[in-house]
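Undergrad: data.cif is the file, holding mmCIF, C-alpha atoms:
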```
data_protein
loop_
_atom_site.group_PDB
_atom_site.id
_atom_site.type_symbol
_atom_site.label_atom_id
_atom_site.label_comp_id
_atom_site.auth_asym_id
_atom_site.auth_seq_id
_atom_site.Cartn_x
_atom_site.Cartn_y
_atom_site.Cartn_z
ATOM 1 C CA MET A 1 2.068 -34.400 -10.387
ATOM 2 C CA SER A 2 4.106 -31.912 -8.365
ATOM 3 C CA ILE A 3 2.528 -29.410 -5.981
ATOM 4 C CA VAL A 4 3.485 -26.499 -8.251
ATOM 5 C CA MET A 5 1.853 -28.130 -11.290
ATOM 6 C CA ARG A 6 -1.330 -28.820 -9.290
ATOM 7 C CA LEU A 7 -1.407 -25.216 -8.124
ATOM 8 C CA VAL A 8 -0.942 -23.902 -11.680
ATOM 9 C CA ALA A 9 -3.741 -26.190 -12.926
ATOM 10 C CA MET A 10 -6.054 -25.041 -10.109
ATOM 11 C CA LEU A 11 -5.360 -21.339 -10.797
ATOM 12 C CA THR A 12 -5.896 -21.834 -14.541
ATOM 13 C CA LEU A 13 -9.282 -23.437 -13.875
ATOM 14 C CA LEU A 14 -10.224 -20.628 -11.472
ATOM 15 C CA PHE A 15 -9.406 -17.934 -14.052
ATOM 16 C CA GLN A 16 -11.353 -19.810 -16.731
ATOM 17 C CA LEU A 17 -14.406 -20.009 -14.476
ATOM 18 C CA CYS A 18 -14.167 -16.361 -13.379
ATOM 19 C CA GLY A 19 -13.118 -14.955 -16.767
ATOM 20 C CA PRO A 20 -16.636 -14.022 -17.930
ATOM 21 C CA VAL A 21 -17.232 -12.129 -14.669
ATOM 22 C CA PHE A 22 -14.083 -10.033 -15.042
ATOM 23 C CA SER A 23 -14.618 -9.359 -18.754
ATOM 24 C CA ASP A 24 -18.086 -7.833 -18.267
ATOM 25 C CA ASP A 25 -17.771 -4.255 -19.577
ATOM 26 C CA ARG A 26 -20.477 -3.079 -17.169
ATOM 27 C CA LEU A 27 -18.078 -3.597 -14.241
ATOM 28 C CA VAL A 28 -15.765 -0.829 -15.474
ATOM 29 C CA PRO A 29 -17.379 2.627 -15.287
ATOM 30 C CA GLU A 30 -16.753 5.176 -17.997
ATOM 31 C CA PHE A 31 -13.481 7.034 -17.605
ATOM 32 C CA GLU A 32 -11.140 9.466 -19.295
ATOM 33 C CA LYS A 33 -7.457 8.722 -19.798
ATOM 34 C CA LEU A 34 -5.247 11.796 -19.586
ATOM 35 C CA LYS A 35 -1.487 12.233 -19.792
ATOM 36 C CA THR A 36 0.435 14.874 -17.855
ATOM 37 C CA LYS A 37 3.256 16.898 -19.437
ATOM 38 C CA SER A 38 5.744 14.638 -17.641
ATOM 39 C CA GLY A 39 4.204 11.521 -19.220
ATOM 40 C CA VAL A 40 2.207 10.211 -16.252
ATOM 41 C CA ASP A 41 -1.013 8.392 -17.166
ATOM 42 C CA VAL A 42 -4.079 9.634 -15.281
ATOM 43 C CA PHE A 43 -7.371 7.764 -15.263
ATOM 44 C CA PHE A 44 -10.353 9.941 -14.324
ATOM 45 C CA PHE A 45 -13.631 8.282 -13.296
ATOM 46 C CA PRO A 46 -16.159 11.127 -12.875
ATOM 47 C CA ASN A 47 -19.338 10.587 -10.873
ATOM 48 C CA PRO A 48 -21.123 13.910 -10.317
ATOM 49 C CA SER A 49 -23.837 12.263 -8.210
ATOM 50 C CA VAL A 50 -21.374 11.546 -5.375
ATOM 51 C CA PRO A 51 -19.724 14.477 -3.495
ATOM 52 C CA LEU A 52 -16.569 12.449 -2.763
ATOM 53 C CA PHE A 53 -13.142 12.138 -4.317
ATOM 54 C CA GLU A 54 -10.524 9.410 -4.227
ATOM 55 C CA VAL A 55 -7.030 9.692 -5.673
ATOM 56 C CA LYS A 56 -4.464 6.905 -5.949
ATOM 57 C CA PHE A 57 -0.859 7.247 -7.075
ATOM 58 C CA VAL A 58 1.046 4.079 -7.931
ATOM 59 C CA TYR A 59 4.824 4.213 -8.187
ATOM 60 C CA ASP A 60 6.323 1.330 -10.201
ATOM 61 C CA GLY A 61 9.879 0.107 -9.792
ATOM 62 C CA VAL A 62 9.951 0.584 -6.022
ATOM 63 C CA GLY A 63 8.711 -1.677 -3.257
ATOM 64 C CA ALA A 64 9.692 -4.489 -0.938
ATOM 65 C CA ALA A 65 11.756 -6.355 -3.552
ATOM 66 C CA PHE A 66 14.095 -3.355 -3.741
ATOM 67 C CA ASP A 67 14.928 -3.352 -0.009
ATOM 68 C CA PRO A 68 18.706 -3.716 0.451
ATOM 69 C CA ASP A 69 20.139 -7.013 1.697
ATOM 70 C CA GLY A 70 20.009 -7.105 5.482
ATOM 71 C CA LYS A 71 17.259 -4.449 5.530
ATOM 72 C CA SER A 72 14.213 -6.346 4.308
ATOM 73 C CA GLY A 73 10.994 -4.675 5.438
ATOM 74 C CA LEU A 74 12.509 -1.180 5.066
ATOM 75 C CA THR A 75 9.952 0.015 2.490
ATOM 76 C CA SER A 76 7.060 -1.432 4.455
ATOM 77 C CA LEU A 77 8.250 0.141 7.728
ATOM 78 C CA THR A 78 8.925 3.488 6.058
ATOM 79 C CA THR A 79 5.492 3.761 4.462
ATOM 80 C CA ALA A 80 3.816 2.668 7.718
ATOM 81 C CA MET A 81 5.657 5.494 9.512
ATOM 82 C CA LEU A 82 4.682 8.299 7.123
ATOM 83 C CA LYS A 83 1.454 9.091 9.024
ATOM 84 C CA LYS A 84 2.945 8.769 12.514
ATOM 85 C CA GLY A 85 4.332 12.288 12.794
ATOM 86 C CA ILE A 86 5.117 15.462 10.864
ATOM 87 C CA ARG A 87 8.080 17.784 11.519
ATOM 88 C CA GLU A 88 6.645 21.007 10.004
ATOM 89 C CA PRO A 89 4.158 21.840 11.391
ATOM 90 C CA GLN A 90 4.914 19.604 14.349
ATOM 91 C CA LEU A 91 2.064 17.103 14.514
ATOM 92 C CA SER A 92 1.840 13.869 16.490
ATOM 93 C CA GLU A 93 0.118 10.680 15.353
ATOM 94 C CA ASP A 94 -2.978 11.563 17.435
ATOM 95 C CA MET A 95 -3.123 15.112 16.058
ATOM 96 C CA ILE A 96 -2.899 13.776 12.495
ATOM 97 C CA SER A 97 -5.713 11.280 13.116
ATOM 98 C CA GLN A 98 -7.877 14.006 14.647
ATOM 99 C CA ARG A 99 -7.339 16.379 11.697
ATOM 100 C CA LEU A 100 -8.292 13.684 9.189
ATOM 101 C CA ASP A 101 -11.303 12.585 11.278
ATOM 102 C CA ASP A 102 -12.532 16.182 11.556
ATOM 103 C CA ILE A 103 -12.908 16.399 7.776
ATOM 104 C CA ALA A 104 -13.970 12.749 7.217
ATOM 105 C CA ALA A 105 -10.879 12.028 5.125
ATOM 106 C CA GLY A 106 -8.192 9.374 4.919
ATOM 107 C CA VAL A 107 -4.709 8.806 3.567
ATOM 108 C CA ASP A 108 -3.266 5.315 3.068
ATOM 109 C CA PHE A 109 0.057 3.968 1.869
ATOM 110 C CA GLY A 110 0.552 0.495 0.389
ATOM 111 C CA VAL A 111 3.529 -1.670 -0.522
ATOM 112 C CA SER A 112 3.876 -4.638 -2.850
ATOM 113 C CA ASP A 113 7.003 -6.277 -4.244
ATOM 114 C CA ASP A 114 7.485 -3.707 -6.987
ATOM 115 C CA GLN A 115 5.096 -0.848 -6.232
ATOM 116 C CA VAL A 116 4.309 1.739 -3.584
ATOM 117 C CA SER A 117 0.898 3.401 -3.605
ATOM 118 C CA VAL A 118 -0.523 6.514 -1.982
ATOM 119 C CA SER A 119 -4.305 6.884 -1.718
ATOM 120 C CA PHE A 120 -6.305 9.732 -0.274
ATOM 121 C CA TYR A 121 -10.022 10.386 -0.167
ATOM 122 C CA GLY A 122 -12.686 12.574 1.376
ATOM 123 C CA LEU A 123 -15.439 15.084 0.684
ATOM 124 C CA ASN A 124 -14.978 17.238 -2.417
ATOM 125 C CA GLU A 125 -15.118 20.396 -0.309
ATOM 126 C CA HIS A 126 -11.989 19.307 1.627
ATOM 127 C CA ILE A 127 -9.767 18.222 -1.262
ATOM 128 C CA ASP A 128 -7.265 21.068 -0.680
ATOM 129 C CA LYS A 129 -6.848 20.131 3.004
ATOM 130 C CA VAL A 130 -6.356 16.441 2.194
ATOM 131 C CA LEU A 131 -3.844 17.222 -0.559
ATOM 132 C CA SER A 132 -1.953 19.443 1.872
ATOM 133 C CA MET A 133 -1.853 16.706 4.560
ATOM 134 C CA THR A 134 -0.688 14.111 2.017
ATOM 135 C CA ARG A 135 2.117 16.437 0.874
ATOM 136 C CA LEU A 136 3.215 16.921 4.507
ATOM 137 C CA PHE A 137 3.313 13.146 5.103
ATOM 138 C CA MET A 138 5.562 12.676 2.105
ATOM 139 C CA THR A 139 7.878 15.667 2.590
ATOM 140 C CA PHE A 140 8.162 16.231 6.366
ATOM 141 C CA PRO A 141 7.753 12.878 8.190
ATOM 142 C CA SER A 142 9.258 12.888 11.692
ATOM 143 C CA PHE A 143 9.620 9.108 12.204
ATOM 144 C CA PRO A 144 8.995 9.212 15.990
ATOM 145 C CA LYS A 145 10.596 6.416 18.033
ATOM 146 C CA LYS A 146 7.537 5.042 19.930
ATOM 147 C CA PRO A 147 5.374 4.419 16.851
ATOM 148 C CA PHE A 148 8.399 2.959 15.044
ATOM 149 C CA GLU A 149 8.977 0.410 17.818
ATOM 150 C CA ARG A 150 5.256 -0.453 17.860
ATOM 151 C CA ILE A 151 5.132 -1.003 14.090
ATOM 152 C CA ARG A 152 8.390 -2.991 14.049
ATOM 153 C CA ASN A 153 7.065 -5.213 16.854
ATOM 154 C CA ASN A 154 3.777 -5.671 14.942
ATOM 155 C CA HIS A 155 5.747 -6.833 11.890
ATOM 156 C CA LEU A 156 7.745 -9.256 14.064
ATOM 157 C CA ASP A 157 4.524 -10.569 15.661
ATOM 158 C CA ALA A 158 3.003 -11.125 12.215
ATOM 159 C CA LEU A 159 6.077 -13.084 11.147
ATOM 160 C CA ASN A 160 6.010 -15.130 14.365
ATOM 161 C CA GLN A 161 2.304 -15.932 13.889
ATOM 162 C CA MET A 162 2.678 -16.895 10.238
ATOM 163 C CA SER A 163 2.975 -20.585 11.147
ATOM 164 C CA ASP A 164 -0.528 -20.420 12.685
ATOM 165 C CA HIS A 165 -2.128 -19.687 9.313
ATOM 166 C CA ALA A 166 -2.072 -22.403 6.667
ATOM 167 C CA SER A 167 -2.560 -19.945 3.784
ATOM 168 C CA ALA A 168 0.393 -17.816 4.957
ATOM 169 C CA VAL A 169 2.606 -20.911 5.245
ATOM 170 C CA ALA A 170 1.509 -22.105 1.791
ATOM 171 C CA GLY A 171 2.142 -18.671 0.257
ATOM 172 C CA ARG A 172 5.563 -18.447 1.874
ATOM 173 C CA ALA A 173 6.467 -21.975 0.704
ATOM 174 C CA LEU A 174 5.315 -21.146 -2.828
ATOM 175 C CA ASN A 175 7.406 -17.945 -2.846
ATOM 176 C CA LEU A 176 10.454 -19.809 -1.591
ATOM 177 C CA GLY A 177 9.966 -22.623 -4.115
ATOM 178 C CA LEU A 178 9.377 -20.422 -7.141
ATOM 179 C CA LEU A 179 11.505 -17.410 -6.234
ATOM 180 C CA ASN A 180 14.216 -18.870 -4.003
ATOM 181 C CA GLY A 181 17.468 -17.012 -4.311
ATOM 182 C CA THR A 182 15.821 -13.742 -5.306
ATOM 183 C CA VAL A 183 14.759 -10.756 -3.227
ATOM 184 C CA LYS A 184 11.153 -11.439 -4.242
ATOM 185 C CA SER A 185 11.154 -14.524 -2.000
ATOM 186 C CA ARG A 186 11.320 -12.277 1.104
ATOM 187 C CA PRO A 187 8.093 -11.259 2.858
ATOM 188 C CA SER A 188 7.262 -7.565 2.228
ATOM 189 C CA ASP A 189 7.165 -6.931 6.000
ATOM 190 C CA GLY A 190 10.764 -8.138 6.226
ATOM 191 C CA LEU A 191 12.686 -11.095 7.568
ATOM 192 C CA ARG A 192 12.791 -11.729 11.303
ATOM 193 C CA GLU A 193 16.586 -11.393 11.453
ATOM 194 C CA ASP A 194 16.480 -7.997 9.664
ATOM 195 C CA LEU A 195 13.815 -6.570 11.987
ATOM 196 C CA SER A 196 15.266 -7.830 15.276
#
```
Render the structure in this file as structure tokens.
TA:
Amino acid sequence: MSIVMRLVAMLTLLFQLCGPVFSDDRLVPEFEKLKTKSGVDVFFFPNPSVPLFEVKFVYDGVGAAFDPDGKSGLTSLTTAMLKKGIREPQLSEDMISQRLDDIAAGVDFGVSDDQVSVSFYGLNEHIDKVLSMTRLFMTFPSFPKKPFERIRNNHLDALNQMSDHASAVAGRALNLGLLNGTVKSRPSDGLREDLS
């Protein structure tokens, strides 16, 4: 039996064993599904006993698989840079971190093959401030040189250390075997030759 067939059989067994856990309705809290005028689905999970909010936007049809040839890792680098500086008002990475820390809030960006996500959270009383900061990250990033070099070098280090982790090597081999010849076979952080 080939390695791919063994892996498929193992994953099938895992999902069969875990299926009852994931299908338990008690794991999903009550929610409301709303639709904006522009057709965006919104899922609202109210919990009045907790004075916190968390918002997550997921953009489909964008992500690491859409990076141009020769520029793999572009989406990952770009999203990592969004919180490293703002042009208007001029804010450095440290100033941004301090402002978010002062109100116990956070903003995170994520990248997968075909999605980019933006999450922000904090105390209900500071939702306007967090929304404002998130808007600034997305509309006025400054892309300062020092943080860019640091993040690019971190991505290169991660690629160089991949061979030290069996699961990373196995995942990369599986991607190459199943998706070879497509952009989805590239790591989301980029290829070494594109980042160098």
Undergrad: Which polymer residues have any atom within 6 Å of an atom of Leu52 in chain A, counting only C-alpha atoms, with same-chain residues fewer than 2 positions away left out, as a PyMOL selection string?
TA: chain A and resi 50+122-124
Undergrad: Name the residues in contact with range 189-196 of chain A at a cut-off of 6 Å, using only C-alpha atoms, excluding same-chain residues fewer than 2 positions from it; report them as a PDB file with C-alpha atoms, in the frame of the given file.
TA:
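Saved to around20.pdb:
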```
ATOM      1  CA  GLY A  70      20.009  -7.105   5.482  1.00  0.00           C
ATOM      2  CA  LYS A  71      17.259  -4.449   5.530  1.00  0.00           C
ATOM      3  CA  SER A  72      14.213  -6.346   4.308  1.00  0.00           C
ATOM      4  CA  GLY A  73      10.994  -4.675   5.438  1.00  0.00           C
ATOM      5  CA  SER A  76       7.060  -1.432   4.455  1.00  0.00           C
ATOM      6  CA  PRO A 187       8.093 -11.259   2.858  1.00  0.00           C
TER       7      PRO A 187
END
```
Undergrad: Calculated over all atoms listed in the file, which of the candidates A:Lys129, A:Asn153, A:Ser142, A:Val116 has the smallest distance to Asp60 in chain A?
TA: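 Once distances to Asp60 in chain A are computed over all atoms listed in the file, the minimum belongs to A:Val116.
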Undergrad: Give as an NGL selection string the set of residues within 10 Å of the point (-6.0, 7.6, -15.6), where distances use the file's coordinates and all atoms listed in the file.
TA: :A and (31-36 or 40-45 or 56-57)
Undergrad: Neighbours of Lys83 in chain A within 8 Å (only C-alpha atoms; same-chain residues fewer than 2 positions away dropped), as a PDB file with C-alpha atoms, in the coordinates of the input?
TA:
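out-v2.pdb written:
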```pdb
ATOM      1  CA  ALA A  80       3.816   2.668   7.718  1.00  0.00           C
ATOM      2  CA  MET A  81       5.657   5.494   9.512  1.00  0.00           C
ATOM      3  CA  GLY A  85       4.332  12.288  12.794  1.00  0.00           C
ATOM      4  CA  ILE A  86       5.117  15.462  10.864  1.00  0.00           C
ATOM      5  CA  GLU A  93       0.118  10.680  15.353  1.00  0.00           C
ATOM      6  CA  ILE A  96      -2.899  13.776  12.495  1.00  0.00           C
ATOM      7  CA  PHE A 137       3.313  13.146   5.103  1.00  0.00           C
ATOM      8  CA  PRO A 141       7.753  12.878   8.190  1.00  0.00           C
TER       9      PRO A 141
END
```
Undergrad: Around (-2.0, 12.8, 6.8) in the file's own coordinates, what residues are found within 8 Å if you use only C-alpha atoms, given back as a CSV table (one decimal) with C-alpha atoms, keeping the file's coordinate frame?
TA:
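Okay, result.csv is ready:
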```
chain,number,residue,atom,x,y,z
A,83,LYS,CA,1.5,9.1,9.0
A,96,ILE,CA,-2.9,13.8,12.5
A,97,SER,CA,-5.7,11.3,13.1
A,100,LEU,CA,-8.3,13.7,9.2
A,106,GLY,CA,-8.2,9.4,4.9
A,107,VAL,CA,-4.7,8.8,3.6
A,130,VAL,CA,-6.4,16.4,2.2
A,133,MET,CA,-1.9,16.7,4.6
A,134,THR,CA,-0.7,14.1,2.0
A,136,LEU,CA,3.2,16.9,4.5
A,137,PHE,CA,3.3,13.1,5.1
```
Undergrad: At what distance in Å, to one decimal, does CA of Thr79 in chain A lie from CA of Gly63 in chain A?
TA: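 Value for the CA of Gly63 in chain A-CA of Thr79 in chain A distance: 10.0 Å.
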Undergrad: Could you check the closest approach to Phe53 in chain A for each of A:Asp164, A:Asp157, A:Glu125, A:Asp113 and tell me which residue wins, using all atoms listed in the file?
TA: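 Of A:Asp164, A:Asp157, A:Glu125, A:Asp113, the one nearest Phe53 in chain A is A:Glu125, counting all atoms listed in the file.
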Undergrad: Kindly add N, CA, C and O atoms to the incomplete range 92-110 of chain A and provide the output as a tab-separated table (two decimals), in the frame of the given file.
TA:
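After the write, result.tsv holds the following:
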```
chain	number	residue	atom	x	y	z
A	92	SER	N	1.69	15.25	16.01
A	92	SER	CA	1.84	13.87	16.49
A	92	SER	C	0.87	12.96	15.74
A	92	SER	O	-0.03	13.43	15.02
A	93	GLU	N	1.01	11.68	15.95
A	93	GLU	CA	0.12	10.68	15.35
A	93	GLU	C	-1.34	10.96	15.72
A	93	GLU	O	-2.23	10.91	14.86
A	94	ASP	N	-1.61	11.27	17.00
A	94	ASP	CA	-2.98	11.56	17.43
A	94	ASP	C	-3.52	12.83	16.79
A	94	ASP	O	-4.70	12.89	16.41
A	95	MET	N	-2.69	13.85	16.68
A	95	MET	CA	-3.12	15.11	16.06
A	95	MET	C	-3.45	14.90	14.58
A	95	MET	O	-4.43	15.45	14.07
A	96	ILE	N	-2.65	14.09	13.91
A	96	ILE	CA	-2.90	13.78	12.50
A	96	ILE	C	-4.23	13.05	12.34
A	96	ILE	O	-5.06	13.42	11.50
A	97	SER	N	-4.45	12.04	13.18
A	97	SER	CA	-5.71	11.28	13.12
A	97	SER	C	-6.91	12.19	13.36
A	97	SER	O	-7.93	12.09	12.67
A	98	GLN	N	-6.78	13.09	14.32
A	98	GLN	CA	-7.88	14.01	14.65
A	98	GLN	C	-8.18	14.94	13.47
A	98	GLN	O	-9.33	15.16	13.13
A	99	ARG	N	-7.13	15.47	12.84
A	99	ARG	CA	-7.34	16.38	11.70
A	99	ARG	C	-8.04	15.67	10.54
A	99	ARG	O	-8.92	16.24	9.91
A	100	LEU	N	-7.63	14.44	10.26
A	100	LEU	CA	-8.29	13.68	9.19
A	100	LEU	C	-9.72	13.32	9.56
A	100	LEU	O	-10.63	13.42	8.73
A	101	ASP	N	-9.95	12.92	10.82
A	101	ASP	CA	-11.30	12.58	11.28
A	101	ASP	C	-12.23	13.79	11.21
A	101	ASP	O	-13.41	13.67	10.84
A	102	ASP	N	-11.71	14.96	11.55
A	102	ASP	CA	-12.53	16.18	11.56
A	102	ASP	C	-13.10	16.52	10.18
A	102	ASP	O	-14.14	17.16	10.08
A	103	ILE	N	-12.42	16.11	9.13
A	103	ILE	CA	-12.91	16.40	7.78
A	103	ILE	C	-13.35	15.12	7.04
A	103	ILE	O	-13.54	15.14	5.83
A	104	ALA	N	-13.51	14.03	7.78
A	104	ALA	CA	-13.97	12.75	7.22
A	104	ALA	C	-13.12	12.34	6.01
A	104	ALA	O	-13.63	12.04	4.93
A	105	ALA	N	-11.80	12.35	6.21
A	105	ALA	CA	-10.88	12.03	5.12
A	105	ALA	C	-9.91	10.93	5.56
A	105	ALA	O	-9.82	10.59	6.74
A	106	GLY	N	-9.18	10.40	4.61
A	106	GLY	CA	-8.19	9.37	4.92
A	106	GLY	C	-7.05	9.40	3.93
A	106	GLY	O	-7.19	9.86	2.79
A	107	VAL	N	-5.91	8.94	4.40
A	107	VAL	CA	-4.71	8.81	3.57
A	107	VAL	C	-4.12	7.44	3.89
A	107	VAL	O	-3.95	7.10	5.06
A	108	ASP	N	-3.82	6.66	2.87
A	108	ASP	CA	-3.27	5.32	3.07
A	108	ASP	C	-2.07	5.11	2.15
A	108	ASP	O	-2.03	5.63	1.04
A	109	PHE	N	-1.12	4.33	2.65
A	109	PHE	CA	0.06	3.97	1.87
A	109	PHE	C	0.09	2.45	1.76
A	109	PHE	O	-0.24	1.75	2.71
A	110	GLY	N	0.48	1.93	0.59
A	110	GLY	CA	0.55	0.50	0.39
A	110	GLY	C	1.87	0.09	-0.24
A	110	GLY	O	2.50	0.89	-0.94
```
